[in-house]
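Below is the file my_file_23.pdb, which contains PDB, C-alpha atoms.
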ATOM      1  CA  ALA A  18       6.292  11.828  -9.518
ATOM      2  CA  PRO A  19       8.515   8.943 -10.681
ATOM      3  CA  VAL A  20       9.667   8.410  -7.072
ATOM      4  CA  LEU A  21       7.667   9.351  -3.993
ATOM      5  CA  ARG A  22       8.918   8.903  -0.443
ATOM      6  CA  GLY A  23       7.067   9.363   2.800
ATOM      7  CA  THR A  24       5.957   7.889   6.072
ATOM      8  CA  PHE A  25       2.954   5.771   6.953
ATOM      9  CA  THR A  26       0.895   4.764   9.938
ATOM     10  CA  GLN A  27      -1.197   1.624   9.583
ATOM     11  CA  GLU A  28      -4.004   0.758  11.975
ATOM     12  CA  LYS A  29      -5.984  -2.446  11.820
ATOM     13  CA  GLN A  30      -9.171  -3.027  13.736
ATOM     14  CA  VAL A  31      -9.679  -6.773  13.988
ATOM     15  CA  GLU A  32     -13.215  -8.020  14.572
ATOM     16  CA  GLY A  33     -13.561  -9.164  18.172
ATOM     17  CA  PHE A  34     -10.550  -7.192  19.481
ATOM     18  CA  ARG A  35     -10.946  -3.951  21.412
ATOM     19  CA  ASN A  36      -7.606  -2.341  20.560
ATOM     20  CA  ARG A  37      -6.300  -1.512  17.117
ATOM     21  CA  LEU A  38      -3.039  -2.978  15.876
ATOM     22  CA  ARG A  39      -0.706  -0.150  14.868
ATOM     23  CA  SER A  40       2.491  -0.028  12.854
ATOM     24  CA  SER A  41       4.460   2.797  11.304
ATOM     25  CA  GLY A  42       7.409   3.330   9.041
ATOM     26  CA  ARG A  43       8.622   4.650   5.697
ATOM     27  CA  PHE A  44       7.794   3.907   2.084
ATOM     28  CA  VAL A  45       9.255   4.522  -1.353
ATOM     29  CA  LEU A  46       6.907   4.339  -4.345
ATOM     30  CA  ALA A  47       8.851   4.029  -7.610
ATOM     31  CA  THR A  48       6.376   3.976 -10.495
ATOM     32  CA  GLU A  49       8.553   1.740 -12.684
ATOM     33  CA  GLN A  50       9.856  -0.633  -9.963
ATOM     34  CA  GLY A  51       7.324  -0.986  -7.165
ATOM     35  CA  VAL A  52       7.020  -0.158  -3.472
ATOM     36  CA  LEU A  53       9.539  -0.426  -0.645
ATOM     37  CA  TRP A  54       7.711  -0.742   2.673
ATOM     38  CA  GLU A  55       9.924  -0.385   5.766
ATOM     39  CA  THR A  56       8.099  -0.920   9.042
ATOM     40  CA  LEU A  57       9.948   0.658  11.965
ATOM     41  CA  ALA A  58       7.496   0.026  14.823
ATOM     42  CA  PRO A  59       6.418  -2.031  16.618
ATOM     43  CA  PHE A  60       8.814  -4.482  14.917
ATOM     44  CA  PRO A  61      11.251  -3.661  12.129
ATOM     45  CA  SER A  62      10.646  -5.308   8.774
ATOM     46  CA  ASP A  63      11.531  -4.500   5.197
ATOM     47  CA  VAL A  64       9.413  -5.563   2.219
ATOM     48  CA  ALA A  65       9.780  -4.924  -1.511
ATOM     49  CA  LEU A  66       6.686  -5.290  -3.695
ATOM     50  CA  THR A  67       7.056  -5.453  -7.466
ATOM     51  CA  LYS A  68       4.707  -6.620 -10.200
ATOM     52  CA  GLU A  69       6.513  -9.980 -10.148
ATOM     53  CA  HIS A  70       7.004 -10.714  -6.440
ATOM     54  CA  ILE A  71       6.936  -9.766  -2.787
ATOM     55  CA  ALA A  72      10.297 -10.099  -1.027
ATOM     56  CA  SER A  73      11.346  -9.529   2.574
ATOM     57  CA  ARG A  74      14.717  -8.743   4.080
ATOM     58  CA  GLN A  75      16.003 -11.482   6.372
ATOM     59  CA  PRO A  76      17.895 -10.870   9.645
ATOM     60  CA  ASP A  77      21.213 -11.562   7.864
ATOM     61  CA  GLY A  78      20.462  -8.796   5.308
ATOM     62  CA  THR A  79      19.617 -11.094   2.391
ATOM     63  CA  TRP A  80      16.271 -10.978   0.597
ATOM     64  CA  ARG A  81      13.812 -13.849   0.301
ATOM     65  CA  VAL A  82      10.960 -13.993  -2.199
ATOM     66  CA  GLU A  83       7.797 -14.595  -0.179
ATOM     67  CA  ALA A  84       5.385 -14.708  -3.098
ATOM     68  CA  ASP A  85       5.961 -15.030  -6.837
ATOM     69  CA  ALA A  86       3.353 -13.893  -9.381
ATOM     70  CA  THR A  87       4.386 -16.625 -11.829
ATOM     71  CA  ARG A  88       3.341 -19.253  -9.271
ATOM     72  CA  GLN A  89       0.460 -17.326  -7.709
ATOM     73  CA  PRO A  90      -1.513 -15.586 -10.477
ATOM     74  CA  GLY A  91      -3.699 -13.670  -8.035
ATOM     75  CA  LEU A  92      -0.623 -11.936  -6.655
ATOM     76  CA  ALA A  93      -0.160  -9.891  -9.818
ATOM     77  CA  ALA A  94      -3.702  -8.515  -9.475
ATOM     78  CA  ILE A  95      -3.232  -7.744  -5.778
ATOM     79  CA  ASN A  96       0.103  -6.000  -6.363
ATOM     80  CA  ALA A  97      -1.302  -4.003  -9.277
ATOM     81  CA  THR A  98      -4.210  -2.928  -7.082
ATOM     82  CA  PHE A  99      -1.871  -1.917  -4.245
ATOM     83  CA  PHE A 100       0.265   0.177  -6.637
ATOM     84  CA  ALA A 101      -2.850   1.789  -8.097
ATOM     85  CA  LEU A 102      -4.156   2.607  -4.600
ATOM     86  CA  MET A 103      -0.905   4.246  -3.530
ATOM     87  CA  ALA A 104      -0.573   6.156  -6.796
ATOM     88  CA  GLY A 105      -4.250   7.134  -6.985
ATOM     89  CA  ASP A 106      -4.385   5.612 -10.476
ATOM     90  CA  VAL A 107      -8.108   5.901 -11.207
ATOM     91  CA  ALA A 108      -7.865   4.208 -14.621
ATOM     92  CA  ALA A 109      -6.206   1.095 -13.164
ATOM     93  CA  LEU A 110      -8.635   0.994 -10.236
ATOM     94  CA  SER A 111     -11.701   1.286 -12.481
ATOM     95  CA  ALA A 112     -10.769  -2.024 -14.127
ATOM     96  CA  ARG A 113     -11.244  -3.836 -10.789
ATOM     97  CA  PHE A 114     -13.690  -1.612  -8.906
ATOM     98  CA  ASP A 115     -16.921   0.287  -9.303
ATOM     99  CA  GLY A 116     -16.464   3.664  -7.735
ATOM    100  CA  GLU A 117     -17.654   7.092  -6.955
ATOM    101  CA  ALA A 118     -15.360  10.108  -6.924
ATOM    102  CA  THR A 119     -16.031  13.210  -4.873
ATOM    103  CA  VAL A 120     -14.206  16.475  -5.470
ATOM    104  CA  LEU A 121     -13.744  18.408  -2.240
ATOM    105  CA  PRO A 122     -12.709  22.026  -1.591
ATOM    106  CA  GLU A 123      -9.057  23.068  -1.766
ATOM    107  CA  GLY A 124      -8.020  20.464  -4.337
ATOM    108  CA  ARG A 125      -8.949  17.502  -2.160
ATOM    109  CA  TRP A 126     -10.765  14.388  -3.408
ATOM    110  CA  GLN A 127     -12.186  11.050  -2.266
ATOM    111  CA  LEU A 128     -12.832   7.747  -4.012
ATOM    112  CA  ALA A 129     -15.285   5.164  -2.673
ATOM    113  CA  LEU A 130     -14.641   1.804  -4.346
ATOM    114  CA  THR A 131     -16.525  -1.484  -4.388
ATOM    115  CA  PRO A 132     -14.733  -4.499  -5.905
ATOM    116  CA  LYS A 133     -16.186  -5.940  -9.079
ATOM    117  CA  PRO A 134     -17.000  -9.690  -8.895
ATOM    118  CA  GLY A 135     -13.832 -11.751  -8.620
ATOM    119  CA  PRO A 136     -10.969 -12.391  -6.205
ATOM    120  CA  LEU A 137     -10.870  -8.874  -4.763
ATOM    121  CA  ALA A 138     -14.598  -9.048  -3.941
ATOM    122  CA  GLN A 139     -13.870 -12.178  -1.916
ATOM    123  CA  ALA A 140     -11.372 -10.215   0.183
ATOM    124  CA  PHE A 141     -12.784  -6.669   0.417
ATOM    125  CA  THR A 142     -16.199  -5.065   0.727
ATOM    126  CA  THR A 143     -15.159  -1.429   0.217
ATOM    127  CA  LEU A 144     -12.073   0.715  -0.191
ATOM    128  CA  HIS A 145     -11.883   4.435   0.428
ATOM    129  CA  ILE A 146      -9.048   6.610  -0.827
ATOM    130  CA  GLU A 147      -8.570  10.277  -0.122
ATOM    131  CA  GLY A 148      -5.958  12.881  -0.726
ATOM    132  CA  ALA A 149      -4.931  16.007  -2.540
ATOM    133  CA  ARG A 150      -1.704  16.036  -4.547
ATOM    134  CA  PHE A 151      -0.889  12.555  -3.230
ATOM    135  CA  VAL A 152      -2.914   9.744  -1.687
ATOM    136  CA  GLU A 153      -3.091  10.569   2.029
ATOM    137  CA  GLN A 154      -5.306   7.803   3.365
ATOM    138  CA  VAL A 155      -6.509   4.368   2.280
ATOM    139  CA  THR A 156      -9.180   2.517   4.242
ATOM    140  CA  LEU A 157      -9.896  -1.131   3.435
ATOM    141  CA  ASP A 158     -12.941  -2.941   4.828
ATOM    142  CA  ASP A 159     -12.583  -6.681   4.402
ATOM    143  CA  THR A 160     -15.151  -9.436   4.196
ATOM    144  CA  GLN A 161     -14.188 -10.717   7.673
ATOM    145  CA  GLY A 162     -15.360  -7.464   9.298
ATOM    146  CA  ASP A 163     -11.835  -6.096   9.836
ATOM    147  CA  GLN A 164     -10.742  -2.613   8.796
ATOM    148  CA  THR A 165      -7.277  -1.375   7.863
ATOM    149  CA  ARG A 166      -6.506   2.333   7.643
ATOM    150  CA  ILE A 167      -3.190   3.516   6.215
ATOM    151  CA  THR A 168      -2.316   7.191   6.568
ATOM    152  CA  PHE A 169       0.520   8.645   4.473
ATOM    153  CA  ASP A 170       2.417  11.877   5.116
ATOM    154  CA  GLY A 171       5.873  13.427   5.071
ATOM    155  CA  PHE A 172       5.888  13.295   1.257
ATOM    156  CA  SER A 173       9.043  14.023  -0.736
ATOM    157  CA  THR A 174       9.728  13.765  -4.463
ATOM    158  CA  GLU A 175      13.461  14.451  -4.046
ATOM    159  CA  PRO A 176      15.704  12.942  -5.051
ATOM    160  CA  ALA A 177      13.710  12.271  -8.233
ATOM    161  CA  ALA A 178      15.483   8.939  -8.834
ATOM    162  CA  LEU A 179      16.045   5.944  -6.570
ATOM    163  CA  THR A 180      19.195   6.013  -4.488
ATOM    164  CA  PRO A 181      21.615   3.116  -5.150
ATOM    165  CA  ASP A 182      20.464   1.457  -1.891
ATOM    166  CA  GLU A 183      16.796   1.764  -2.855
ATOM    167  CA  ALA A 184      17.416   0.413  -6.343
ATOM    168  CA  ALA A 185      19.329  -2.579  -4.935
ATOM    169  CA  ARG A 186      16.354  -3.471  -2.714
ATOM    170  CA  PHE A 187      14.226  -4.073  -5.840
ATOM    171  CA  ASP A 188      16.705  -6.591  -7.330
TER     172      ASP A 188
END
Would you write out, as structure tokens, the structure that this file holds?
Amino acid sequence: APVLRGTFTQEKQVEGFRNRLRSSGRFVLATEQGVLWETLAPFPSDVALTKEHIASRQPDGTWRVEADATRQPGLAAINATFFALMAGDVAALSARFDGEATVLPEGRWQLALTPKPGPLAQAFTTLHIEGARFVEQVTLDDTQGDQTRITFDGFSTEPAALTPDEAARFD
């Protein structure tokens, strides 16, 4: 789908902490523009990720570029990986990861990924992706012993194009 909307729940288990950190919100994945990530709880925040930058909405409603791929070359690789994870783009992921795919009953699937040597291998030990029509869960195990699990649901492909508000958030 050119535009996919849904909700997410993100849980992070930090090494040495008993309780998981949890956040939830909405996302918009636009294949040509990037990802809008709106956290609603526990604290509201609004982030736009594109191939060129990561920007956040400020309290006054303006946007501030937090990271720019032209100044931070690794950012482009991280953003491309994030887009590929959310889209389940196996071809893009295979350039950066060694993996094993498992086909499950009822049209379900899983990918177990290990980063190839390079910057991603310095950050992550394994990534697991699972879903059916869409990616439903991403689990990232990092080199510090922490684990992040993002669960996606409430999927909608309508409207098929970005709304004017959504499009403006990518500018």
- Message: Set the distance at 10 Å and use all atoms listed in the file: which residues neighbour range 73-75 of chain A once local chain neighbours fewer than 6 positions away are removed? I'd like the list as number ranges by chain.
- Response: A: 53-55, 62-66, 81-84, 186
- Choose the residue, out of A:His145, A:Arg113, A:Lys68, A:Arg88, that has the smallest atom-to-atom separation from Thr48 in chain A; count all atoms listed in the file.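 Looking at the shortest contact to Thr48 in chain A, the residue is A:Lys68.
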Give one line per residue of range 42-63 of chain A that approaches range 171-185 of chain A to at most 9 Å, naming the two atoms of the closest pair and their distance in Å to one decimal, counting only C-alpha atoms; sort by chain then ascending residue number and deliver it as a Markdown table.
| residue | atom | partner | partner_atom | distance |
| --- | --- | --- | --- | --- |
| A:Val45 | CA | A:Glu183 | CA | 8.2 |
| A:Ala47 | CA | A:Leu179 | CA | 7.5 |
| A:Gln50 | CA | A:Ala184 | CA | 8.4 |
| A:Leu53 | CA | A:Glu183 | CA | 7.9 |
Prev. selection, C-alpha atoms, output as a compact mmCIF listing (two decimals), keeping the file's coordinate frame:
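Once everything was written out, this is again25.txt:
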# COMPACT_ATOMS: atom_id res chain seq x y z
CA VAL A 45 9.26 4.52 -1.35
CA ALA A 47 8.85 4.03 -7.61
CA GLN A 50 9.86 -0.63 -9.96
CA LEU A 53 9.54 -0.43 -0.64
May I have the protein, DNA and RNA residues with an atom at most 9 Å from (3.1, 4.3, 8.0), counting all atoms listed in the file in the file's coordinates, returned as a compact mmCIF listing (two decimals) with C-alpha atoms, keeping the file's coordinate frame?
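Result file is selection30.txt:
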# COMPACT_ATOMS: atom_id res chain seq x y z
CA GLY A 23 7.07 9.36 2.80
CA THR A 24 5.96 7.89 6.07
CA PHE A 25 2.95 5.77 6.95
CA THR A 26 0.90 4.76 9.94
CA GLN A 27 -1.20 1.62 9.58
CA GLU A 28 -4.00 0.76 11.98
CA SER A 40 2.49 -0.03 12.85
CA SER A 41 4.46 2.80 11.30
CA GLY A 42 7.41 3.33 9.04
CA ARG A 43 8.62 4.65 5.70
CA PHE A 44 7.79 3.91 2.08
CA TRP A 54 7.71 -0.74 2.67
CA GLU A 55 9.92 -0.38 5.77
CA THR A 56 8.10 -0.92 9.04
CA LEU A 57 9.95 0.66 11.96
CA ILE A 167 -3.19 3.52 6.22
CA THR A 168 -2.32 7.19 6.57
CA PHE A 169 0.52 8.64 4.47
CA ASP A 170 2.42 11.88 5.12
- When the PyMOL selection byres ((chain A and resi 160) around 6) is applied to the file above, which residues end up in the set, as a ChimeraX atom specification? /A:140-142,159,161-162
For the interface of range 21-105 of chain A with range 129-132 of chain A (cut-off 12 Å, counting only C-alpha atoms), please tabulate each contacting residue of range 21-105 of chain A alongside its nearest pair of atoms and their separation in Å to one decimal, rows sorted by chain and increasing number, as a tab-separated table.
residue	atom	partner	partner_atom	distance
A:Ile95	CA	A:Pro132	CA	12.0
A:Thr98	CA	A:Pro132	CA	10.7
A:Leu102	CA	A:Leu130	CA	10.5
A:Gly105	CA	A:Leu130	CA	12.0
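Close contacts of Gly148 in chain A, defined as residues with an atom at most 8 Å away when counting only C-alpha atoms, with chain neighbours fewer than 3 positions off set aside, comprise Arg125, Trp126, Gln127, Phe151, Val152, Glu153 and Gln154 of chain A.
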- Message: Between CA of Leu128 in chain A and CA of Gly116 in chain A, what is the distance in Å, rounded to a tenth?
- Response: 6.6 Å
- Give me, please, the distance in Å between CA of His70 in chain A and CA of Met103 in chain A, quoted to one decimal. 17.2 Å
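With distances taken over all atoms listed in the file, A:Thr119 is the one residue among A:Gln164, A:Thr67, A:Thr119, A:Gln30 lying closest to Ala149 in chain A.
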- Query: Could you work out how far CA of Leu137 in chain A lies from CA of Leu92 in chain A, giving the answer in Å with one decimal?
  - Reply: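 Spanning CA of Leu92 in chain A to CA of Leu137 in chain A is a straight-line distance of 10.9 Å.
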